[in-house]
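Here is the file coords.txt (compact mmCIF, C-alpha atoms).
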```txt
# COMPACT_ATOMS: atom_id res chain seq x y z
CA MET X 1 65.25 123.11 62.01
CA LYS X 2 68.05 123.62 64.50
CA LYS X 3 69.59 127.08 64.76
CA ILE X 4 73.30 127.57 64.19
CA PRO X 5 74.64 130.54 66.22
CA TYR X 6 77.39 131.53 63.76
CA GLN X 7 77.03 131.15 60.00
CA VAL X 8 78.09 132.55 56.63
CA SER X 9 75.43 133.58 54.11
CA ASP X 10 77.26 135.70 51.48
CA LEU X 11 80.82 136.09 50.23
CA LYS X 12 82.37 138.59 47.83
CA VAL X 13 86.04 138.37 46.86
CA ALA X 14 88.10 140.34 44.36
CA HIS X 15 91.80 140.15 43.48
CA TYR X 16 92.85 137.42 45.89
CA GLN X 17 94.96 134.32 45.06
CA GLY X 18 93.62 133.87 41.54
CA ILE X 19 90.14 135.15 42.34
CA ILE X 20 89.24 138.08 40.07
CA ASN X 21 85.62 138.57 41.05
CA LEU X 22 83.73 135.95 43.02
CA LYS X 23 80.28 136.07 44.61
CA ILE X 24 78.39 133.55 46.72
CA ASN X 25 74.89 134.65 47.64
CA ASP X 26 71.90 133.44 49.59
CA ILE X 27 73.25 130.38 51.36
CA PRO X 28 70.18 129.09 53.24
CA LYS X 29 70.01 129.89 56.93
CA ASN X 30 71.05 127.22 59.41
CA THR X 31 72.87 125.16 56.79
CA PRO X 32 75.40 123.04 58.71
CA TRP X 33 77.46 122.04 55.65
CA ILE X 34 78.80 124.10 52.76
CA PHE X 35 80.71 121.83 50.37
CA LEU X 36 83.22 123.09 47.79
CA VAL X 37 83.72 120.69 44.88
CA GLY X 38 86.13 121.04 41.97
CA GLU X 39 89.12 119.48 40.26
CA ASN X 40 92.63 119.74 41.67
CA GLY X 41 94.12 123.17 41.15
CA PHE X 42 90.76 124.85 40.48
CA GLY X 43 90.86 127.04 43.58
CA LYS X 44 88.95 125.37 46.43
CA THR X 45 91.73 126.15 48.89
CA ALA X 46 91.85 129.79 47.75
CA VAL X 47 88.12 130.14 48.45
CA LEU X 48 88.56 128.66 51.94
CA ARG X 49 91.46 131.02 52.60
CA ALA X 50 89.38 133.99 51.48
CA ILE X 51 86.62 132.99 53.91
CA ALA X 52 89.21 132.70 56.68
CA LYS X 53 90.53 136.17 55.93
CA GLY X 54 87.02 137.57 55.90
CA LEU X 55 86.14 136.06 59.27
CA VAL X 56 89.43 136.42 61.13
CA GLY X 57 91.13 139.24 59.28
CA ASP X 58 94.80 139.54 58.47
CA GLU X 59 95.96 139.14 62.08
CA ASP X 60 98.16 136.10 61.47
CA LEU X 61 99.93 137.83 58.55
CA LEU X 62 100.00 134.53 56.68
CA GLU X 63 100.30 135.49 53.02
CA PRO X 64 99.01 139.03 53.82
CA ILE X 65 96.29 140.40 51.60
CA GLU X 66 97.20 143.17 49.18
CA PRO X 67 95.64 146.66 49.28
CA THR X 68 93.79 145.91 46.02
CA CYS X 69 92.14 142.81 47.53
CA LYS X 70 88.50 143.00 48.63
CA ILE X 71 86.95 140.33 50.83
CA MET X 72 83.47 140.87 52.26
CA ILE X 73 81.49 138.33 54.28
CA LYS X 74 77.91 138.53 55.51
CA GLY X 75 76.26 136.21 57.98
CA THR X 76 74.77 135.99 61.43
CA ALA X 77 76.38 135.81 64.85
CA GLN X 78 74.19 134.85 67.79
CA GLY X 79 71.11 135.75 65.76
CA GLN X 80 72.38 139.19 64.71
CA PRO X 81 73.45 140.00 61.14
CA PHE X 82 77.08 140.92 60.59
CA LYS X 83 79.17 142.27 57.73
CA SER X 84 82.93 141.83 57.83
CA GLN X 85 85.54 143.19 55.46
CA ALA X 86 89.14 142.00 55.53
CA VAL X 87 91.64 144.85 55.92
CA PRO X 88 95.38 144.34 55.30
CA LYS X 89 97.39 143.76 58.52
CA ARG X 90 94.33 144.06 60.76
CA LYS X 91 92.36 141.43 62.59
CA SER X 92 88.60 141.17 62.53
CA LEU X 93 86.63 142.53 65.46
CA LEU X 94 83.87 139.95 65.05
CA GLY X 95 85.20 137.55 67.63
CA ILE X 96 83.52 134.54 66.01
CA PRO X 97 84.76 131.18 67.39
CA PHE X 98 86.75 129.77 64.51
CA ALA X 99 89.04 126.92 63.46
CA ALA X 100 90.61 126.07 60.11
CA TYR X 101 92.40 122.98 58.84
CA GLY X 102 94.47 122.58 55.70
CA ALA X 103 95.07 119.36 53.79
CA ALA X 104 98.32 118.77 55.72
CA ARG X 105 96.70 119.19 59.12
CA PHE X 106 97.73 116.09 60.97
CA GLN X 107 100.81 117.10 62.91
CA ARG X 108 100.19 117.61 66.60
CA SER X 109 102.42 119.54 68.98
CA ASP X 110 104.75 117.60 71.26
CA GLY X 111 104.32 119.70 74.38
CA TYR X 112 102.78 122.67 76.12
CA ALA X 113 105.72 124.95 75.24
CA VAL X 114 104.77 125.17 71.57
CA ALA X 115 101.11 126.03 72.22
CA THR X 116 101.68 129.76 71.68
CA GLU X 117 104.03 129.46 68.70
CA ARG X 118 103.04 130.84 65.31
CA SER X 119 102.52 127.37 63.87
CA GLN X 120 99.48 126.94 66.13
CA GLN X 121 97.67 130.11 65.12
CA LYS X 122 94.11 129.26 64.16
CA THR X 123 94.50 129.91 60.42
CA TYR X 124 98.08 128.65 60.07
CA SER X 125 97.18 125.10 58.99
CA LEU X 126 95.11 126.44 56.09
CA PHE X 127 98.07 128.41 54.67
CA LYS X 128 101.16 126.37 55.61
CA ASP X 129 102.02 122.68 55.62
CA ASP X 130 104.04 122.72 58.85
CA GLY X 131 101.26 123.79 61.22
CA GLN X 132 100.89 121.92 64.51
CA LEU X 133 97.52 121.18 66.04
CA ILE X 134 96.86 121.39 69.75
CA ASN X 135 97.93 118.12 71.36
CA ILE X 136 94.67 116.53 72.47
CA GLU X 137 96.52 113.91 74.52
CA LEU X 138 98.12 116.57 76.69
CA GLU X 139 94.71 118.19 77.11
CA LEU X 140 93.21 114.84 78.12
CA ILE X 141 95.94 114.26 80.70
CA LYS X 142 95.63 117.79 82.08
CA ASN X 143 91.86 117.63 82.39
CA TYR X 144 91.96 114.11 83.83
CA ALA X 145 93.95 115.59 86.71
CA TYR X 146 92.26 118.99 87.12
CA ASN X 147 88.89 119.02 85.32
CA LEU X 148 87.35 115.55 85.25
CA PRO X 149 83.96 116.71 83.82
CA LEU X 150 85.70 118.23 80.80
CA PHE X 151 87.86 115.11 80.44
CA ASN X 152 84.73 112.97 80.36
CA HIS X 153 83.13 115.31 77.80
CA LEU X 154 86.19 115.14 75.52
CA VAL X 155 86.29 111.35 75.74
CA THR X 156 82.56 111.05 75.02
CA VAL X 157 82.79 113.20 71.88
CA LEU X 158 85.92 111.47 70.57
CA LYS X 159 84.29 108.05 71.00
CA LYS X 160 81.21 109.25 69.11
CA MET X 161 83.35 110.57 66.29
CA ILE X 162 85.27 107.31 65.92
CA PRO X 163 82.84 104.46 66.62
CA ARG X 164 85.62 101.86 66.41
CA ILE X 165 87.11 103.25 69.63
CA ALA X 166 85.46 101.58 72.62
CA ASP X 167 87.36 103.41 75.34
CA ILE X 168 89.89 106.17 75.97
CA ARG X 169 91.58 106.39 79.33
CA VAL X 170 94.64 107.76 81.08
CA GLU X 171 97.01 105.26 82.67
CA ILE X 172 100.05 105.89 84.85
CA ILE X 173 102.91 103.84 83.45
CA LYS X 174 106.18 103.99 85.44
CA GLY X 175 105.09 107.28 86.95
CA ASN X 176 104.19 108.87 83.58
CA PRO X 177 100.59 109.48 82.46
CA ARG X 178 99.73 108.10 79.02
CA VAL X 179 96.55 108.01 76.99
CA ARG X 180 95.49 104.55 75.85
CA TYR X 181 92.88 103.58 73.27
CA ARG X 182 90.83 100.39 73.05
CA GLU X 183 89.62 99.53 69.53
CA MET X 184 86.90 97.07 68.57
CA ASP X 185 86.18 95.20 65.37
CA ALA X 186 83.02 95.13 63.24
CA LEU X 187 81.52 92.54 65.63
CA ASN X 188 82.22 94.80 68.64
CA GLN X 189 84.93 92.48 69.89
CA LEU X 190 87.65 94.35 71.78
CA TYR X 191 91.28 94.53 70.77
CA TYR X 192 94.09 95.25 73.22
CA ASP X 193 95.04 98.78 74.34
CA ILE X 194 97.16 100.81 71.93
CA SER X 195 98.75 104.26 71.69
CA LEU X 196 97.61 107.08 69.42
CA ASP X 197 100.43 106.36 66.98
CA GLU X 198 99.19 102.77 66.65
CA LEU X 199 95.67 103.81 65.63
CA ALA X 200 94.72 103.52 61.96
CA ALA X 201 96.00 106.59 60.11
CA GLY X 202 92.52 107.82 59.11
CA TYR X 203 91.19 107.56 62.68
CA ARG X 204 94.35 109.12 64.11
CA ASN X 205 94.08 112.07 61.77
CA VAL X 206 90.39 112.69 62.52
CA LEU X 207 90.95 112.34 66.27
CA THR X 208 93.80 114.86 66.14
CA MET X 209 91.70 117.39 64.21
CA ILE X 210 88.58 116.92 66.35
CA GLY X 211 90.61 117.26 69.52
CA ASP X 212 92.14 120.53 68.31
CA MET X 213 88.71 121.82 67.25
CA MET X 214 87.08 121.07 70.60
CA ILE X 215 89.78 122.87 72.55
CA ARG X 216 89.67 125.93 70.27
CA LEU X 217 85.87 126.24 70.18
CA TYR X 218 84.84 125.00 73.63
CA ASP X 219 82.94 127.59 75.68
CA TYR X 220 83.72 126.95 79.35
CA ASP X 221 80.79 129.11 80.47
CA SER X 222 78.09 127.29 78.51
CA ASN X 223 79.86 123.90 78.16
CA THR X 224 79.18 123.91 74.41
CA THR X 225 81.23 123.90 71.24
CA THR X 226 80.16 126.51 68.71
CA GLY X 227 81.55 128.49 65.79
CA ILE X 228 82.59 128.12 62.14
CA VAL X 229 85.07 125.47 60.98
CA LEU X 230 86.87 125.32 57.62
CA ILE X 231 88.30 121.98 56.45
CA ASP X 232 90.31 121.51 53.26
CA GLU X 233 90.00 118.00 51.76
CA LEU X 234 87.63 116.61 54.37
CA ASP X 235 87.73 113.16 52.75
CA ALA X 236 91.53 112.83 52.63
CA HIS X 237 92.90 109.47 53.89
CA LEU X 238 89.43 108.12 54.70
CA HIS X 239 87.74 104.90 53.63
CA PRO X 240 84.49 105.49 51.65
CA LYS X 241 82.38 104.15 54.53
CA TYR X 242 83.86 106.68 56.93
CA GLN X 243 83.63 109.44 54.30
CA TYR X 244 79.89 108.79 54.34
CA GLU X 245 79.62 108.70 58.14
CA LEU X 246 81.89 111.62 59.04
CA PRO X 247 79.66 114.61 58.08
CA ARG X 248 76.73 113.14 60.03
CA LEU X 249 78.94 112.35 63.04
CA LEU X 250 80.26 115.92 63.04
CA MET X 251 76.74 117.36 62.83
CA GLU X 252 75.57 115.22 65.74
CA ALA X 253 78.61 115.92 67.91
CA PHE X 254 78.70 119.66 67.09
CA PRO X 255 75.14 120.81 66.31
CA GLN X 256 76.09 124.47 66.85
CA VAL X 257 78.94 124.52 64.34
CA GLN X 258 78.78 125.42 60.63
CA PHE X 259 81.29 123.45 58.54
CA ILE X 260 82.69 124.70 55.23
CA ALA X 261 84.73 121.98 53.53
CA SER X 262 86.29 121.04 50.23
CA VAL X 263 85.91 117.45 48.99
CA HIS X 264 87.01 115.35 46.05
CA SER X 265 84.61 112.47 46.61
CA PRO X 266 80.82 112.45 46.14
CA ILE X 267 80.35 110.25 49.20
CA PRO X 268 80.48 112.95 51.93
CA LEU X 269 77.72 114.83 50.07
CA LEU X 270 75.49 111.77 50.44
CA GLY X 271 76.10 111.54 54.16
CA VAL X 272 73.86 114.50 54.99
CA GLY X 273 70.17 115.21 54.46
CA ARG X 274 68.49 117.22 51.74
CA ALA X 275 68.31 120.47 53.77
CA GLU X 276 71.68 120.11 55.50
CA SER X 277 74.14 121.03 52.76
CA PHE X 278 74.82 123.65 50.11
CA VAL X 279 77.08 122.44 47.30
CA LEU X 280 79.25 124.86 45.34
CA ASN X 281 81.27 124.11 42.21
CA VAL X 282 84.69 125.75 41.98
CA SER X 283 86.28 126.21 38.55
CA ARG X 284 88.75 128.56 36.91
CA SER X 285 89.96 129.91 33.59
CA VAL X 286 92.40 132.56 32.42
CA GLU X 287 89.55 134.92 31.55
CA THR X 288 87.38 134.53 34.67
CA GLY X 289 89.86 133.48 37.32
CA ILE X 290 88.43 131.30 40.09
CA ILE X 291 84.64 131.26 40.08
CA VAL X 292 82.01 129.53 42.21
CA THR X 293 78.58 128.39 41.03
CA HIS X 294 75.68 126.67 42.74
CA ASN X 295 74.02 123.84 40.81
CA ASP X 296 70.44 123.38 41.94
CA ILE X 297 70.76 119.60 41.92
CA GLU X 298 68.94 117.48 44.48
CA VAL X 299 71.99 115.59 45.67
CA HIS X 300 70.02 113.42 48.10
CA ARG X 301 68.14 111.84 45.15
CA LEU X 302 71.30 110.64 43.39
CA ASN X 303 73.42 107.55 43.88
CA PRO X 304 77.23 107.90 43.64
CA ASN X 305 77.32 107.06 39.91
CA ALA X 306 74.67 109.64 39.04
CA LEU X 307 76.39 112.20 41.24
CA LEU X 308 79.78 111.57 39.63
CA THR X 309 78.32 112.08 36.14
CA SER X 310 76.31 115.15 37.16
CA PRO X 311 77.60 118.71 36.55
CA ILE X 312 78.90 118.70 40.13
CA PHE X 313 81.72 116.27 39.28
CA GLY X 314 81.46 116.03 35.50
CA LEU X 315 82.80 112.52 34.84
CA GLN X 316 81.86 111.13 31.43
CA ASN X 317 82.78 107.48 31.86
CA LEU X 318 82.64 105.37 35.03
CA GLY X 319 83.54 102.03 33.49
CA ALA X 320 86.92 100.40 33.94
CA VAL X 321 89.55 101.18 31.33
CA ASP X 322 89.33 98.94 28.23
CA THR X 323 85.89 97.67 29.29
CA ASP X 324 82.92 97.98 26.95
CA ALA X 325 79.65 99.27 28.29
CA ALA X 326 78.08 95.88 27.47
CA GLU X 327 80.50 94.20 29.89
CA THR X 328 79.53 96.46 32.77
CA ALA X 329 76.92 95.02 35.11
CA PRO X 330 73.79 97.25 34.99
CA VAL X 331 73.13 97.22 38.73
CA GLU X 332 72.72 99.85 41.45
CA ASN X 333 74.62 97.93 44.13
CA TYR X 334 76.77 94.84 44.49
CA SER X 335 74.06 92.73 46.15
CA GLU X 336 72.06 92.94 42.90
CA LEU X 337 75.06 91.64 40.99
CA GLU X 338 75.41 88.74 43.43
CA ARG X 339 71.74 87.81 42.97
CA THR X 340 72.09 88.00 39.17
CA ASN X 341 75.17 85.77 39.21
CA LEU X 342 73.42 83.27 41.49
CA ILE X 343 70.46 83.06 39.09
CA LYS X 344 72.83 82.51 36.14
CA LYS X 345 74.55 79.65 37.96
CA ARG X 346 71.22 77.98 38.77
CA LEU X 347 70.07 78.26 35.15
CA GLN X 348 73.35 76.80 33.95
CA ARG X 349 73.01 73.85 36.36
CA LEU X 350 69.41 73.20 35.27
CA ARG X 351 70.51 73.18 31.60
CA GLN X 352 73.29 70.71 32.38
CA GLN X 353 70.71 68.48 34.08
CA GLY X 354 68.40 68.76 31.06
CA VAL X 355 65.61 70.30 33.10
CA ILE X 356 65.44 73.33 30.81
CA PRO X 357 66.64 73.72 27.21
```
Render the structure in this file as structure tokens.
Amino acid sequence: MKKIPYQVSDLKVAHYQGIINLKINDIPKNTPWIFLVGENGFGKTAVLRAIAKGLVGDEDLLEPIEPTCKIMIKGTAQGQPFKSQAVPKRKSLLGIPFAAYGAARFQRSDGYAVATERSQQKTYSLFKDDGQLINIELELIKNYAYNLPLFNHLVTVLKKMIPRIADIRVEIIKGNPRVRYREMDALNQLYYDISLDELAAGYRNVLTMIGDMMIRLYDYDSNTTTGIVLIDELDAHLHPKYQYELPRLLMEAFPQVQFIASVHSPIPLLGVGRAESFVLNVSRSVETGIIVTHNDIEVHRLNPNALLTSPIFGLQNLGAVDTDAAETAPVENYSELERTNLIKKRLQRLRQQGVIP
């Protein structure tokens, strides 16, 4: 099993954003994915924010924690155990490489001048909707001119993360450098060059986030990207196929990063192996506040339907509205349905021909 340099193993939170008393214990070592699952409004974002406060502290003063709040995180950093407690109006001394992304994380800055503004603080996107991510295109242009090895590294990673992009390059158009993207279709046939704004929205959003993450977490001394990354609504705006692929692509591109993400879909959970994720259910009530539980369910053994009806997601009915169970095709995948329909058509033709009764 690969070793992850920075990771969270335990979390205790009291009196924070609807959390009365929450405990997460014994997350397995070297787990690259911690998934938070729960209905809208149940508190997944609050849990992510609590983790951010525990790791980074209150340095950004975004929705400052109250004196009654207690946030304690345990984990390991470069192989050594750590314990961190959030203190109001103080930053953490851990120094763990860190990035966090809220659900509205897809605005990028328009120039170098805004790079130090408050909206680009590393936890801002998780707390506010108007955060701006580091402009990866400006970083590509800068490194193309002054640090070609890093430029090539950034391009390589971005192409791995979005397999439909065949090439990323900088062109000088009327004296101005611009980044151009070459897409390809499912048959690997190339389209024409386009700008970032012309990319499909899902790809554009992922590219913007990955670019920001690489710049924040890149270690120039070791030429690696390492740390802990929080992502709220990982599956937002993504086609199911890419929801399935994205966790694996992130693990392969960033093997030294631990990801903690909230999801609404079961598909990202199926995109990782049996020992590569830890799934937590988030729920809430007036009496308990926001609570987190771990269901010891072998996610890798379930198909999407079974996962949706498991305690992790809790759906009772997966059939279409106003459709009886008898009308629903009892198949595991669509290819089975196609084969069944083909057999029915052949039988019908044979009956019409009088071959069979």
Selected residue of minimal separation from X:Arg216 among X:Val263, X:Leu190, X:Ile96, X:Ile291, counting all atoms listed in the file: X:Ile96
Using all atoms listed in the file, I'd like a table of the residues in stretch 166-274 of chain X that come within 9 Å of stretch 121-127 of chain X; for each, show the closest atom pair and its distance in Å rounded to one decimal, ordered by chain and ascending number, as JSON lines.
```
{"residue": "X:Arg216", "atom": "CA", "partner": "X:Lys122", "partner_atom": "CA", "distance": 8.3}
{"residue": "X:Leu230", "atom": "CA", "partner": "X:Leu126", "partner_atom": "CA", "distance": 8.5}
{"residue": "X:Ile231", "atom": "CA", "partner": "X:Leu126", "partner_atom": "CA", "distance": 8.1}
{"residue": "X:Asp232", "atom": "CA", "partner": "X:Leu126", "partner_atom": "CA", "distance": 7.4}
```
Within 10 Å of file point (82.8, 118.2, 48.9), counting all atoms listed in the file, expressed as an MDAnalysis selection string: chainID X and resid 33:38 44 232:235 260:270 277:281 312:313
Shell of 12 Å around X:Gly18, all atoms listed in the file, local chain residues under 3 positions omitted, as a list in words: Val13, Ala14, His15, Asn21, Leu22, Gly41, Phe42, Gly43, Lys44, Thr45, Ala46, Val47, Arg49, Ala50, Cys69, Ser283, Arg284, Ser285, Val286, Glu287, Thr288, Gly289, Ile290 and Ile291 of chain X
Those same residues, written as a PDB file, in the coordinates of the input with C-alpha atoms?
```pdb
ATOM      1  CA  VAL X  13      86.040 138.370  46.860  1.00  0.00           C
ATOM      2  CA  ALA X  14      88.100 140.340  44.360  1.00  0.00           C
ATOM      3  CA  HIS X  15      91.800 140.150  43.480  1.00  0.00           C
ATOM      4  CA  ASN X  21      85.620 138.570  41.050  1.00  0.00           C
ATOM      5  CA  LEU X  22      83.730 135.950  43.020  1.00  0.00           C
ATOM      6  CA  GLY X  41      94.120 123.170  41.150  1.00  0.00           C
ATOM      7  CA  PHE X  42      90.760 124.850  40.480  1.00  0.00           C
ATOM      8  CA  GLY X  43      90.860 127.040  43.580  1.00  0.00           C
ATOM      9  CA  LYS X  44      88.950 125.370  46.430  1.00  0.00           C
ATOM     10  CA  THR X  45      91.730 126.150  48.890  1.00  0.00           C
ATOM     11  CA  ALA X  46      91.850 129.790  47.750  1.00  0.00           C
ATOM     12  CA  VAL X  47      88.120 130.140  48.450  1.00  0.00           C
ATOM     13  CA  ARG X  49      91.460 131.020  52.600  1.00  0.00           C
ATOM     14  CA  ALA X  50      89.380 133.990  51.480  1.00  0.00           C
ATOM     15  CA  CYS X  69      92.140 142.810  47.530  1.00  0.00           C
ATOM     16  CA  SER X 283      86.280 126.210  38.550  1.00  0.00           C
ATOM     17  CA  ARG X 284      88.750 128.560  36.910  1.00  0.00           C
ATOM     18  CA  SER X 285      89.960 129.910  33.590  1.00  0.00           C
ATOM     19  CA  VAL X 286      92.400 132.560  32.420  1.00  0.00           C
ATOM     20  CA  GLU X 287      89.550 134.920  31.550  1.00  0.00           C
ATOM     21  CA  THR X 288      87.380 134.530  34.670  1.00  0.00           C
ATOM     22  CA  GLY X 289      89.860 133.480  37.320  1.00  0.00           C
ATOM     23  CA  ILE X 290      88.430 131.300  40.090  1.00  0.00           C
ATOM     24  CA  ILE X 291      84.640 131.260  40.080  1.00  0.00           C
TER      25      ILE X 291
END
```
Two-atom distance - atom CA of X:Pro97, atom CA of X:Gly227 (Å): 4.5 Å
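Counting from atom CA of X:Pro177, the distance to atom CA of X:Val157 is 21.0 Å.
Close contacts of X:Thr225, defined as residues with an atom at most 7 Å away when counting all atoms listed in the file, with chain neighbours fewer than 2 positions off set aside, comprise Met214, Leu217, Tyr218, Asp219, Phe254 and Gln256 of chain X.
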Who sits within 9 Å of X:Leu199, all atoms listed in the file, same chain under 4 positions skipped, as a VMD selection string: chain X and resid 181 183 194 to 195 203 to 204
Requested write-out: C-alpha atoms of the selected residues, as a compact mmCIF listing (two decimals), in the coordinates of the input:
```txt
# COMPACT_ATOMS: atom_id res chain seq x y z
CA TYR X 181 92.88 103.58 73.27
CA GLU X 183 89.62 99.53 69.53
CA ILE X 194 97.16 100.81 71.93
CA SER X 195 98.75 104.26 71.69
CA TYR X 203 91.19 107.56 62.68
CA ARG X 204 94.35 109.12 64.11
```
Atomic separation - atom CA of X:Glu298 relative to atom CA of X:Gly314, Å: 15.5 Å
Top pick for closest residue to X:Asn152, considering X:Arg178, X:His294, X:Lys12, X:Arg169 and counting all atoms listed in the file: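 Checking each candidate against X:Asn152, we get X:Arg169 as the closest.
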